[in-house]
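Chemist: This is the structure, below, for whatever I ask next.
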Amino acid sequence: MRRGLGVLTLCLTLTLTATACSGSDDEKTTLHVLAGPDLAVLEPLLDELRDETGVELDMDYRADADTGDALVPGTGKGGGGHDLAWLSTDRSFRLRHKDTAQRLLRTPTMLSPVVVGLRPEVARGLRAKSPGGALSWADIADAAATGSVRFGMADPRKTGTGLAALVGVATAAAGTGGALREDDVSCDRLRGFRSGQKLTADSTRDLLDDFVDHPGTANALITYESDLLALNSGGRLKEKLEIVRPEDGMVLADFPLLLLDPDDKDRRAAYDKVVEWLQRDSVQEKIMRTALRRPVSPSVRRDGQLRAPVGNALYFPDQLRVVERLLGDYGDPRRRVPDQVIFLLDFSGSMRGERMAALREAFADLSGADSSATGKFARFYQGERLTVVRFGGRVLEERTVTVAGQQDLRTLADVVARGGYGDATAVWTALDHGYRTASAVVADDPERAVSIVLMTDGENNSGIPYEEFVRRYQARAAGTRAAVHTYPVHFGEADAGELRRAATKTGGRMVEARGSSLSEAFKEIRGCR
């Protein structure tokens, strides 16, 4: 008898049980399978597998999160034996446990890309603003930042679907066309995107249930294509979701079947029978119609929406630290506090004219005027707290807004558009003021991430010297010094050496704007903290 779907803990040792069939001399083989919940949809086919191959799969369905560790000897995950593992994805396991993964036999069994399901009115609105009507992850991130897309996504720390979605969006944000590298995740480009997440769950099934049960909370879902096709055909929605396959690429799940002990001849023989059966065209067709997943066999004609092209398949990172950085930045979707950025902007006389026009253009781009893919990922987002400090020979003005809509962004633009230039440049006085503001934020709200962006086109010629700034900085609370970093923008005649020293001292980094536009420099450090 197969185990129920509610089992939630994992096991790691391997066994193979051979039993004689009642009333028959034929020997039947039972393989115990550690399975992800996404495989439960294939239950109706497993009797056919047993009847046609003599191999019964005893399915033990468990949460995706611990599956990788459960396949590694010595992890202390518990008793019970498994001969096979059948997962939606084993990418995280292969990164975390390369030595163990290399010795396992692996066979892809079906395919499903991570896509977006949008309520029809939302899809229409987004397509109307997109040339040609095609949508990308950048378009979804842009709409999430403005609050027009409110999506549900399974927790990427605990599910294969959530992690695949996170990798897909981050890869699109990097814009390199290749697998994510450490440099691509050195700053968090997904703040605007994740501000739109309104539903999460520890499993895909729970996510779909929450979406149906709370129809006003989210207007989009990010999950496997097969999940959305099943939801649309299940009669649980008033209106079917429009499935969007982002044109900048998708991560594919291939639902691998793993043989955990390839050296055992009996297990290997039974595994080979199962694989041969699963790869038959007739069985691939049944999997396609039962699970609504794409066949791995190219000779099987795909049904309906499964014929839609996947386009560019995005690569999964090949470095564990990249994935860990992504997950660390993404954090707990249930406990999310928007960030605060403190902009220290030089309004000395040398900024008049073209330089000030460039600064105002940069803020307009961050407010949504930049329609490029990088601009959509870098824009200001709902809930973000923005502080603008104008300075010359002293602090001229400070204004803080929390972005709730276009009016808040217009207020910010008005502050940057004002005249009132100073007759000197007090760079270190301004930075000391920025740290005073940041210290108050850290003390009041320790969970809020705070960063400082310092933009100047000249050398310090007023106020406190750099050494005095350092003395005051070192006297600040350790929590402020650890949490708040400075990202200077080198522009005009500013002293690059001093700006770089300040960045290094505070844990940030300097970005050059002299060889590019201020807008590009500001985008480069968006999400750095």
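Identifiers in the structure tokens: chain A, B, ... in order shown; residue index from 1 per chain; ligand index from 1 in order shown.
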Would you please give, as a PyMOL selection string, all residues of range 188-282 of chain A that DSSP assigns to helix (DSSP H, G or I) based on the backbone?
Modeler: chain A and resi 191-194+204-213+225-233+265-278+281-282
Chemist: So that I can check the surroundings of Ala165 in chain A, please list as an mmCIF file with all heavy atoms, in the first residue's frame every protein, DNA and RNA residue that reaches within 10 Å of it, counting only C-alpha atoms and ignoring chain neighbours fewer than 3 positions away.
Modeler:
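Output contents, as saved in around-v2.cif:
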data_model
loop_
_atom_site.group_PDB
_atom_site.id
_atom_site.type_symbol
_atom_site.label_atom_id
_atom_site.label_comp_id
_atom_site.auth_asym_id
_atom_site.auth_seq_id
_atom_site.Cartn_x
_atom_site.Cartn_y
_atom_site.Cartn_z
ATOM 1 N N PRO A 113 8.039 24.663 -17.279
ATOM 2 C CA PRO A 113 8.716 25.917 -16.976
ATOM 3 C C PRO A 113 8.009 26.678 -15.864
ATOM 4 O O PRO A 113 6.806 26.493 -15.628
ATOM 5 C CB PRO A 113 8.618 26.687 -18.298
ATOM 6 C CG PRO A 113 7.336 26.195 -18.904
ATOM 7 C CD PRO A 113 7.208 24.754 -18.492
ATOM 8 N N VAL A 114 8.754 27.526 -15.175
ATOM 9 C CA VAL A 114 8.156 28.445 -14.210
ATOM 10 C C VAL A 114 7.640 29.658 -14.981
ATOM 11 O O VAL A 114 8.401 30.331 -15.689
ATOM 12 C CB VAL A 114 9.176 28.881 -13.150
ATOM 13 C CG1 VAL A 114 8.589 29.962 -12.248
ATOM 14 C CG2 VAL A 114 9.600 27.687 -12.314
ATOM 15 N N VAL A 115 6.343 29.934 -14.847
ATOM 16 C CA VAL A 115 5.688 30.990 -15.615
ATOM 17 C C VAL A 115 4.860 31.867 -14.675
ATOM 18 O O VAL A 115 4.866 31.680 -13.453
ATOM 19 C CB VAL A 115 4.800 30.388 -16.727
ATOM 20 C CG1 VAL A 115 5.635 29.592 -17.718
ATOM 21 C CG2 VAL A 115 3.709 29.505 -16.126
ATOM 22 N N VAL A 116 4.139 32.803 -15.259
ATOM 23 C CA VAL A 116 3.307 33.733 -14.492
ATOM 24 C C VAL A 116 1.859 33.576 -14.931
ATOM 25 O O VAL A 116 1.571 33.541 -16.130
ATOM 26 C CB VAL A 116 3.746 35.193 -14.695
ATOM 27 C CG1 VAL A 116 2.948 36.134 -13.783
ATOM 28 C CG2 VAL A 116 5.245 35.347 -14.454
ATOM 29 N N MET A 153 3.731 33.423 -4.570
ATOM 30 C CA MET A 153 4.837 32.558 -4.965
ATOM 31 C C MET A 153 5.243 31.722 -3.769
ATOM 32 O O MET A 153 5.306 32.233 -2.646
ATOM 33 C CB MET A 153 6.016 33.401 -5.460
ATOM 34 C CG MET A 153 7.160 32.603 -6.053
ATOM 35 S SD MET A 153 8.483 33.683 -6.712
ATOM 36 C CE MET A 153 9.429 33.971 -5.197
ATOM 37 N N ALA A 154 5.497 30.456 -3.975
ATOM 38 C CA ALA A 154 5.915 29.592 -2.877
ATOM 39 C C ALA A 154 7.260 30.063 -2.330
ATOM 40 O O ALA A 154 8.068 30.656 -3.041
ATOM 41 C CB ALA A 154 6.002 28.147 -3.342
ATOM 42 N N ASP A 155 7.506 29.808 -1.071
ATOM 43 C CA ASP A 155 8.714 30.258 -0.393
ATOM 44 C C ASP A 155 9.948 29.629 -1.065
ATOM 45 O O ASP A 155 10.102 28.412 -1.079
ATOM 46 C CB ASP A 155 8.655 29.839 1.078
ATOM 47 C CG ASP A 155 9.746 30.480 1.924
ATOM 48 O OD1 ASP A 155 10.801 30.824 1.371
ATOM 49 O OD2 ASP A 155 9.528 30.625 3.151
ATOM 50 N N PRO A 156 10.845 30.437 -1.644
ATOM 51 C CA PRO A 156 12.002 29.866 -2.346
ATOM 52 C C PRO A 156 12.984 29.163 -1.423
ATOM 53 O O PRO A 156 13.821 28.388 -1.880
ATOM 54 C CB PRO A 156 12.650 31.090 -3.003
ATOM 55 C CG PRO A 156 12.185 32.254 -2.216
ATOM 56 C CD PRO A 156 10.809 31.896 -1.738
ATOM 57 N N GLY A 160 10.978 23.913 -4.474
ATOM 58 C CA GLY A 160 11.659 23.977 -5.760
ATOM 59 C C GLY A 160 11.051 25.000 -6.680
ATOM 60 O O GLY A 160 11.759 25.685 -7.427
ATOM 61 N N THR A 161 9.722 25.140 -6.660
ATOM 62 C CA THR A 161 9.069 26.118 -7.536
ATOM 63 C C THR A 161 9.487 27.539 -7.173
ATOM 64 O O THR A 161 9.805 28.345 -8.050
ATOM 65 C CB THR A 161 7.538 26.007 -7.434
ATOM 66 O OG1 THR A 161 7.146 26.057 -6.057
ATOM 67 C CG2 THR A 161 7.038 24.736 -8.046
ATOM 68 N N GLY A 162 9.484 27.850 -5.891
ATOM 69 C CA GLY A 162 9.861 29.196 -5.471
ATOM 70 C C GLY A 162 11.303 29.521 -5.807
ATOM 71 O O GLY A 162 11.617 30.622 -6.271
ATOM 72 N N GLY A 168 15.009 32.538 -11.888
ATOM 73 C CA GLY A 168 14.606 33.061 -13.185
ATOM 74 C C GLY A 168 14.534 34.577 -13.206
ATOM 75 O O GLY A 168 15.056 35.236 -14.118
ATOM 76 N N VAL A 169 13.915 35.157 -12.194
ATOM 77 C CA VAL A 169 13.782 36.616 -12.144
ATOM 78 C C VAL A 169 15.152 37.264 -11.962
ATOM 79 O O VAL A 169 15.477 38.268 -12.611
ATOM 80 C CB VAL A 169 12.831 37.040 -11.011
ATOM 81 C CG1 VAL A 169 12.725 38.554 -10.937
ATOM 82 C CG2 VAL A 169 11.445 36.443 -11.216
ATOM 83 N N ALA A 170 15.978 36.701 -11.078
ATOM 84 C CA ALA A 170 17.301 37.277 -10.836
ATOM 85 C C ALA A 170 18.184 37.179 -12.077
ATOM 86 O O ALA A 170 18.967 38.097 -12.369
ATOM 87 C CB ALA A 170 17.968 36.571 -9.657
ATOM 88 N N THR A 171 18.071 36.083 -12.823
ATOM 89 C CA THR A 171 18.848 35.927 -14.049
ATOM 90 C C THR A 171 18.416 36.956 -15.082
ATOM 91 O O THR A 171 19.251 37.561 -15.771
ATOM 92 C CB THR A 171 18.694 34.508 -14.607
ATOM 93 O OG1 THR A 171 19.080 33.563 -13.602
ATOM 94 C CG2 THR A 171 19.545 34.300 -15.834
ATOM 95 N N ILE A 222 3.041 32.932 -9.533
ATOM 96 C CA ILE A 222 4.279 32.520 -10.180
ATOM 97 C C ILE A 222 4.566 31.090 -9.734
ATOM 98 O O ILE A 222 4.823 30.834 -8.560
ATOM 99 C CB ILE A 222 5.445 33.451 -9.814
ATOM 100 C CG1 ILE A 222 5.131 34.882 -10.258
ATOM 101 C CG2 ILE A 222 6.738 32.964 -10.459
ATOM 102 C CD1 ILE A 222 6.184 35.893 -9.851
ATOM 103 N N THR A 223 4.476 30.168 -10.678
ATOM 104 C CA THR A 223 4.654 28.754 -10.343
ATOM 105 C C THR A 223 4.860 27.970 -11.631
ATOM 106 O O THR A 223 5.032 28.560 -12.708
ATOM 107 C CB THR A 223 3.436 28.228 -9.549
ATOM 108 O OG1 THR A 223 3.697 26.901 -9.104
ATOM 109 C CG2 THR A 223 2.165 28.258 -10.376
ATOM 110 N N TYR A 224 4.845 26.647 -11.535
ATOM 111 C CA TYR A 224 5.015 25.836 -12.731
ATOM 112 C C TYR A 224 3.827 26.003 -13.672
ATOM 113 O O TYR A 224 2.672 26.142 -13.242
ATOM 114 C CB TYR A 224 5.160 24.363 -12.370
ATOM 115 C CG TYR A 224 6.466 24.007 -11.687
ATOM 116 C CD1 TYR A 224 6.488 23.197 -10.570
ATOM 117 C CD2 TYR A 224 7.683 24.480 -12.180
ATOM 118 C CE1 TYR A 224 7.685 22.856 -9.942
ATOM 119 C CE2 TYR A 224 8.874 24.159 -11.561
ATOM 120 C CZ TYR A 224 8.877 23.353 -10.442
ATOM 121 O OH TYR A 224 10.062 23.029 -9.830
ATOM 122 N N MET A 250 12.896 31.416 -19.062
ATOM 123 C CA MET A 250 12.259 30.678 -17.980
ATOM 124 C C MET A 250 13.177 29.565 -17.499
ATOM 125 O O MET A 250 13.980 29.029 -18.264
ATOM 126 C CB MET A 250 10.933 30.059 -18.463
ATOM 127 C CG MET A 250 9.834 31.066 -18.728
ATOM 128 S SD MET A 250 8.500 30.373 -19.749
ATOM 129 C CE MET A 250 9.132 30.702 -21.398
ATOM 130 N N VAL A 251 13.043 29.210 -16.231
ATOM 131 C CA VAL A 251 13.741 28.059 -15.673
ATOM 132 C C VAL A 251 12.847 26.832 -15.839
ATOM 133 O O VAL A 251 11.653 26.882 -15.535
ATOM 134 C CB VAL A 251 14.077 28.285 -14.187
ATOM 135 C CG1 VAL A 251 14.643 27.013 -13.567
ATOM 136 C CG2 VAL A 251 15.071 29.437 -14.038
ATOM 137 N N LEU A 252 13.429 25.748 -16.331
ATOM 138 C CA LEU A 252 12.677 24.516 -16.566
ATOM 139 C C LEU A 252 12.930 23.510 -15.453
ATOM 140 O O LEU A 252 14.077 23.281 -15.056
ATOM 141 C CB LEU A 252 13.096 23.880 -17.890
ATOM 142 C CG LEU A 252 12.479 24.413 -19.183
ATOM 143 C CD1 LEU A 252 13.211 23.811 -20.365
ATOM 144 C CD2 LEU A 252 11.009 24.070 -19.259
#
Chemist: May I have the residues within 8 Å of Thr109 in chain A as a list in words, using only C-alpha atoms and disregarding those fewer than 3 positions away in the same chain?
Modeler: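 The filter keeps Asp254, Phe255, Pro256, Leu257, Leu278, Gln279, Pro295 and Val296 of chain A.
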Chemist: Could you save the residues just selected, with all heavy atoms, as a JSON list (two decimals), in the first residue's frame?
Modeler:
[["chain", "number", "residue", "atom", "x", "y", "z"],
["A", 254, "ASP", "N", 12.73, 19.50, -14.62],
["A", 254, "ASP", "CA", 12.69, 18.28, -15.43],
["A", 254, "ASP", "C", 12.32, 17.04, -14.62],
["A", 254, "ASP", "O", 12.42, 15.92, -15.10],
["A", 254, "ASP", "CB", 14.00, 18.05, -16.18],
["A", 254, "ASP", "CG", 15.20, 17.89, -15.24],
["A", 254, "ASP", "OD1", 15.01, 17.89, -14.01],
["A", 254, "ASP", "OD2", 16.33, 17.76, -15.76],
["A", 255, "PHE", "N", 11.90, 17.19, -13.37],
["A", 255, "PHE", "CA", 11.34, 16.11, -12.55],
["A", 255, "PHE", "C", 12.19, 14.84, -12.61],
["A", 255, "PHE", "O", 11.74, 13.79, -13.09],
["A", 255, "PHE", "CB", 9.90, 15.83, -12.95],
["A", 255, "PHE", "CG", 8.99, 17.02, -12.76],
["A", 255, "PHE", "CD1", 8.89, 18.00, -13.74],
["A", 255, "PHE", "CD2", 8.27, 17.18, -11.59],
["A", 255, "PHE", "CE1", 8.07, 19.11, -13.55],
["A", 255, "PHE", "CE2", 7.45, 18.28, -11.40],
["A", 255, "PHE", "CZ", 7.36, 19.26, -12.38],
["A", 256, "PRO", "N", 13.43, 14.91, -12.13],
["A", 256, "PRO", "CA", 14.34, 13.77, -12.28],
["A", 256, "PRO", "C", 13.98, 12.60, -11.37],
["A", 256, "PRO", "O", 13.55, 12.79, -10.22],
["A", 256, "PRO", "CB", 15.69, 14.36, -11.89],
["A", 256, "PRO", "CG", 15.35, 15.45, -10.92],
["A", 256, "PRO", "CD", 14.06, 16.04, -11.43],
["A", 257, "LEU", "N", 14.19, 11.40, -11.87],
["A", 257, "LEU", "CA", 14.10, 10.18, -11.07],
["A", 257, "LEU", "C", 15.53, 9.74, -10.77],
["A", 257, "LEU", "O", 16.33, 9.51, -11.69],
["A", 257, "LEU", "CB", 13.36, 9.09, -11.85],
["A", 257, "LEU", "CG", 13.14, 7.77, -11.09],
["A", 257, "LEU", "CD1", 12.18, 7.97, -9.91],
["A", 257, "LEU", "CD2", 12.60, 6.70, -12.03],
["A", 278, "LEU", "N", 8.76, 4.75, -18.33],
["A", 278, "LEU", "CA", 8.43, 6.18, -18.30],
["A", 278, "LEU", "C", 8.78, 6.88, -19.60],
["A", 278, "LEU", "O", 8.14, 7.87, -19.98],
["A", 278, "LEU", "CB", 9.16, 6.86, -17.14],
["A", 278, "LEU", "CG", 8.67, 6.53, -15.73],
["A", 278, "LEU", "CD1", 9.62, 7.11, -14.69],
["A", 278, "LEU", "CD2", 7.26, 7.07, -15.50],
["A", 279, "GLN", "N", 9.79, 6.38, -20.30],
["A", 279, "GLN", "CA", 10.24, 7.04, -21.52],
["A", 279, "GLN", "C", 9.51, 6.58, -22.78],
["A", 279, "GLN", "O", 9.73, 7.14, -23.86],
["A", 279, "GLN", "CB", 11.75, 6.83, -21.70],
["A", 279, "GLN", "CG", 12.58, 7.58, -20.66],
["A", 279, "GLN", "CD", 14.07, 7.36, -20.82],
["A", 279, "GLN", "OE1", 14.50, 6.33, -21.34],
["A", 279, "GLN", "NE2", 14.87, 8.32, -20.39],
["A", 295, "PRO", "N", 6.30, 16.55, -22.40],
["A", 295, "PRO", "CA", 7.05, 15.30, -22.49],
["A", 295, "PRO", "C", 8.54, 15.58, -22.75],
["A", 295, "PRO", "O", 8.90, 16.56, -23.41],
["A", 295, "PRO", "CB", 6.42, 14.58, -23.69],
["A", 295, "PRO", "CG", 5.75, 15.66, -24.48],
["A", 295, "PRO", "CD", 5.33, 16.72, -23.51],
["A", 296, "VAL", "N", 9.39, 14.72, -22.21],
["A", 296, "VAL", "CA", 10.82, 14.85, -22.48],
["A", 296, "VAL", "C", 11.16, 14.27, -23.85],
["A", 296, "VAL", "O", 12.19, 14.61, -24.44],
["A", 296, "VAL", "CB", 11.68, 14.16, -21.39],
["A", 296, "VAL", "CG1", 11.57, 14.90, -20.08],
["A", 296, "VAL", "CG2", 11.29, 12.70, -21.22]]
Chemist: For Ala35 in chain A, which of A:Leu104, A:Asp99, A:Glu52, A:Ser88 is the closest residue, counting only C-alpha atoms?
Modeler: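 The closest residue to Ala35 in chain A is A:Ser88.
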Chemist: Just list as JSON, numbers by chain whatever in range 334-478 of chain A DSSP marks as strand (DSSP E or B).
Modeler: {"A": [340, 341, 342, 343, 344, 345, 346, 348, 385, 386, 387, 388, 389, 390, 391, 395, 396, 397, 398, 399, 400, 401, 402, 422, 450, 451, 452, 453, 454, 455, 456]}
Chemist: Between A:Thr425, A:Leu396, A:Leu231, A:Cys187, which one has atoms that come closest to Arg205 in chain A, using only C-alpha atoms?
Modeler: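 Of the candidates, the smallest distance to Arg205 in chain A is held by A:Leu231.
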Chemist: Could you list, as an MDAnalysis selection string, every residue within 9 Å of Val300 in chain A, counting only C-alpha atoms and ignoring same-chain residues fewer than 5 positions away?
Modeler: chainID A and resid 281:282 284:285 295
Chemist: Keeping only N, CA and C atoms, write those residues as a PDB file, in the first residue's frame.
Modeler:
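The resulting file, again-v3.pdb, is shown below:
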ATOM      1  N   ASP A 281       6.802   6.520 -25.549  1.00  0.00           N
ATOM      2  CA  ASP A 281       5.973   7.612 -26.059  1.00  0.00           C
ATOM      3  C   ASP A 281       4.544   7.528 -25.530  1.00  0.00           C
ATOM      4  N   SER A 282       4.024   6.310 -25.448  1.00  0.00           N
ATOM      5  CA  SER A 282       2.646   6.158 -24.975  1.00  0.00           C
ATOM      6  C   SER A 282       2.503   6.611 -23.524  1.00  0.00           C
ATOM      7  N   GLN A 284       4.618   8.790 -22.019  1.00  0.00           N
ATOM      8  CA  GLN A 284       4.845  10.242 -22.018  1.00  0.00           C
ATOM      9  C   GLN A 284       3.556  10.997 -22.365  1.00  0.00           C
ATOM     10  N   GLU A 285       2.766  10.443 -23.278  1.00  0.00           N
ATOM     11  CA  GLU A 285       1.474  11.060 -23.606  1.00  0.00           C
ATOM     12  C   GLU A 285       0.543  11.038 -22.399  1.00  0.00           C
ATOM     13  N   PRO A 295       6.298  16.552 -22.398  1.00  0.00           N
ATOM     14  CA  PRO A 295       7.054  15.304 -22.493  1.00  0.00           C
ATOM     15  C   PRO A 295       8.537  15.583 -22.748  1.00  0.00           C
TER      16      PRO A 295
END
Chemist: Excluding same-chain residues fewer than 4 positions from Pro37 in chain A, what lies within 7 Å of it counting only C-alpha atoms, as number ranges by chain?
Modeler: A: 61-63
Chemist: Write the residues you've just listed into a file as a compact mmCIF listing (two decimals), in the first residue's frame, and include N, CA and C atoms for each of them.
Modeler:
# COMPACT_ATOMS: atom_id res chain seq x y z
N TYR A 61 5.63 10.89 0.01
CA TYR A 61 5.60 12.29 -0.39
C TYR A 61 6.03 13.19 0.77
N ARG A 62 7.01 14.05 0.50
CA ARG A 62 7.53 14.91 1.55
C ARG A 62 7.82 16.30 1.01
N ALA A 63 7.85 17.25 1.91
CA ALA A 63 8.09 18.63 1.52
C ALA A 63 9.43 18.77 0.80
Chemist: Write out as a list in words which residues come within 12 Å of Thr402 in chain A when counting only C-alpha atoms, dropping same-chain ones fewer than 3 positions away.
Modeler: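 After dropping sequence-adjacent residues, the list is Pro338, Asp339, Gln340, Val341, Phe380, Tyr381, Gln382, Gly383, Glu384, Arg385, Leu386, Thr387, Val388, Arg399, Gly405, Gln406, Gln407, Asp408, Leu409, Arg410, Thr411 and Leu412 of chain A.
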Chemist: Excluding Ala482 in chain A and its own-chain neighbours fewer than 5 positions away, which residues fall within 10 Å of it when counting only C-alpha atoms? Please give them as number ranges by chain.
Modeler: A: 477, 506-507
Chemist: Pick out the closest residue to Arg191 in chain A from this set: A:Arg336, A:Lys28, A:Arg307, A:Arg355. Count only C-alpha atoms.
Modeler: A:Arg336
Chemist: Calculated over only C-alpha atoms, which of the candidates A:Ala475, A:Val484, A:Leu95, A:Leu431 has the smallest distance to Ala502 in chain A?
Modeler: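 Counting only C-alpha atoms, the residue closest to Ala502 in chain A is A:Leu431.
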Chemist: To one decimal in Å, tell me the separation between CA of Glu459 in chain A and CA of Thr429 in chain A.
Modeler: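 Taking CA of Glu459 in chain A and CA of Thr429 in chain A, their separation equals 12.4 Å.
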Chemist: Could you list, with a cut-off of 12 Å and counting only C-alpha atoms, the residues of range 354-394 of chain A near range 509-524 of chain A, each shown with its nearest atom pair and the distance in Å rounded to one decimal, rows sorted by chain and ascending number, as a Markdown table?
Modeler:
| residue | atom | partner | partner_atom | distance |
| --- | --- | --- | --- | --- |
| A:Glu354 | CA | A:Leu518 | CA | 11.3 |
| A:Arg355 | CA | A:Leu518 | CA | 8.9 |
| A:Met356 | CA | A:Leu518 | CA | 10.1 |
| A:Ala357 | CA | A:Leu518 | CA | 10.0 |
| A:Ala358 | CA | A:Leu518 | CA | 6.3 |
| A:Leu359 | CA | A:Leu518 | CA | 6.4 |
| A:Arg360 | CA | A:Ser519 | CA | 9.0 |
| A:Glu361 | CA | A:Ser519 | CA | 6.9 |
| A:Ala362 | CA | A:Ser519 | CA | 4.1 |
| A:Phe363 | CA | A:Ser519 | CA | 7.5 |
| A:Ala364 | CA | A:Ser519 | CA | 8.9 |
| A:Asp365 | CA | A:Ser519 | CA | 6.9 |
| A:Leu366 | CA | A:Lys523 | CA | 7.6 |
| A:Ser367 | CA | A:Ser519 | CA | 11.2 |
| A:Gly368 | CA | A:Ser519 | CA | 11.9 |
| A:Ala369 | CA | A:Ser519 | CA | 10.9 |
| A:Asp370 | CA | A:Ser519 | CA | 9.2 |
| A:Ser372 | CA | A:Glu520 | CA | 11.3 |
| A:Ala373 | CA | A:Lys523 | CA | 11.3 |
| A:Thr374 | CA | A:Lys523 | CA | 7.7 |
| A:Gly375 | CA | A:Lys523 | CA | 7.2 |
| A:Lys376 | CA | A:Lys523 | CA | 10.0 |
| A:Phe377 | CA | A:Lys523 | CA | 9.0 |
| A:Ala378 | CA | A:Lys523 | CA | 5.8 |
| A:Arg379 | CA | A:Lys523 | CA | 8.1 |
| A:Phe380 | CA | A:Lys523 | CA | 10.4 |
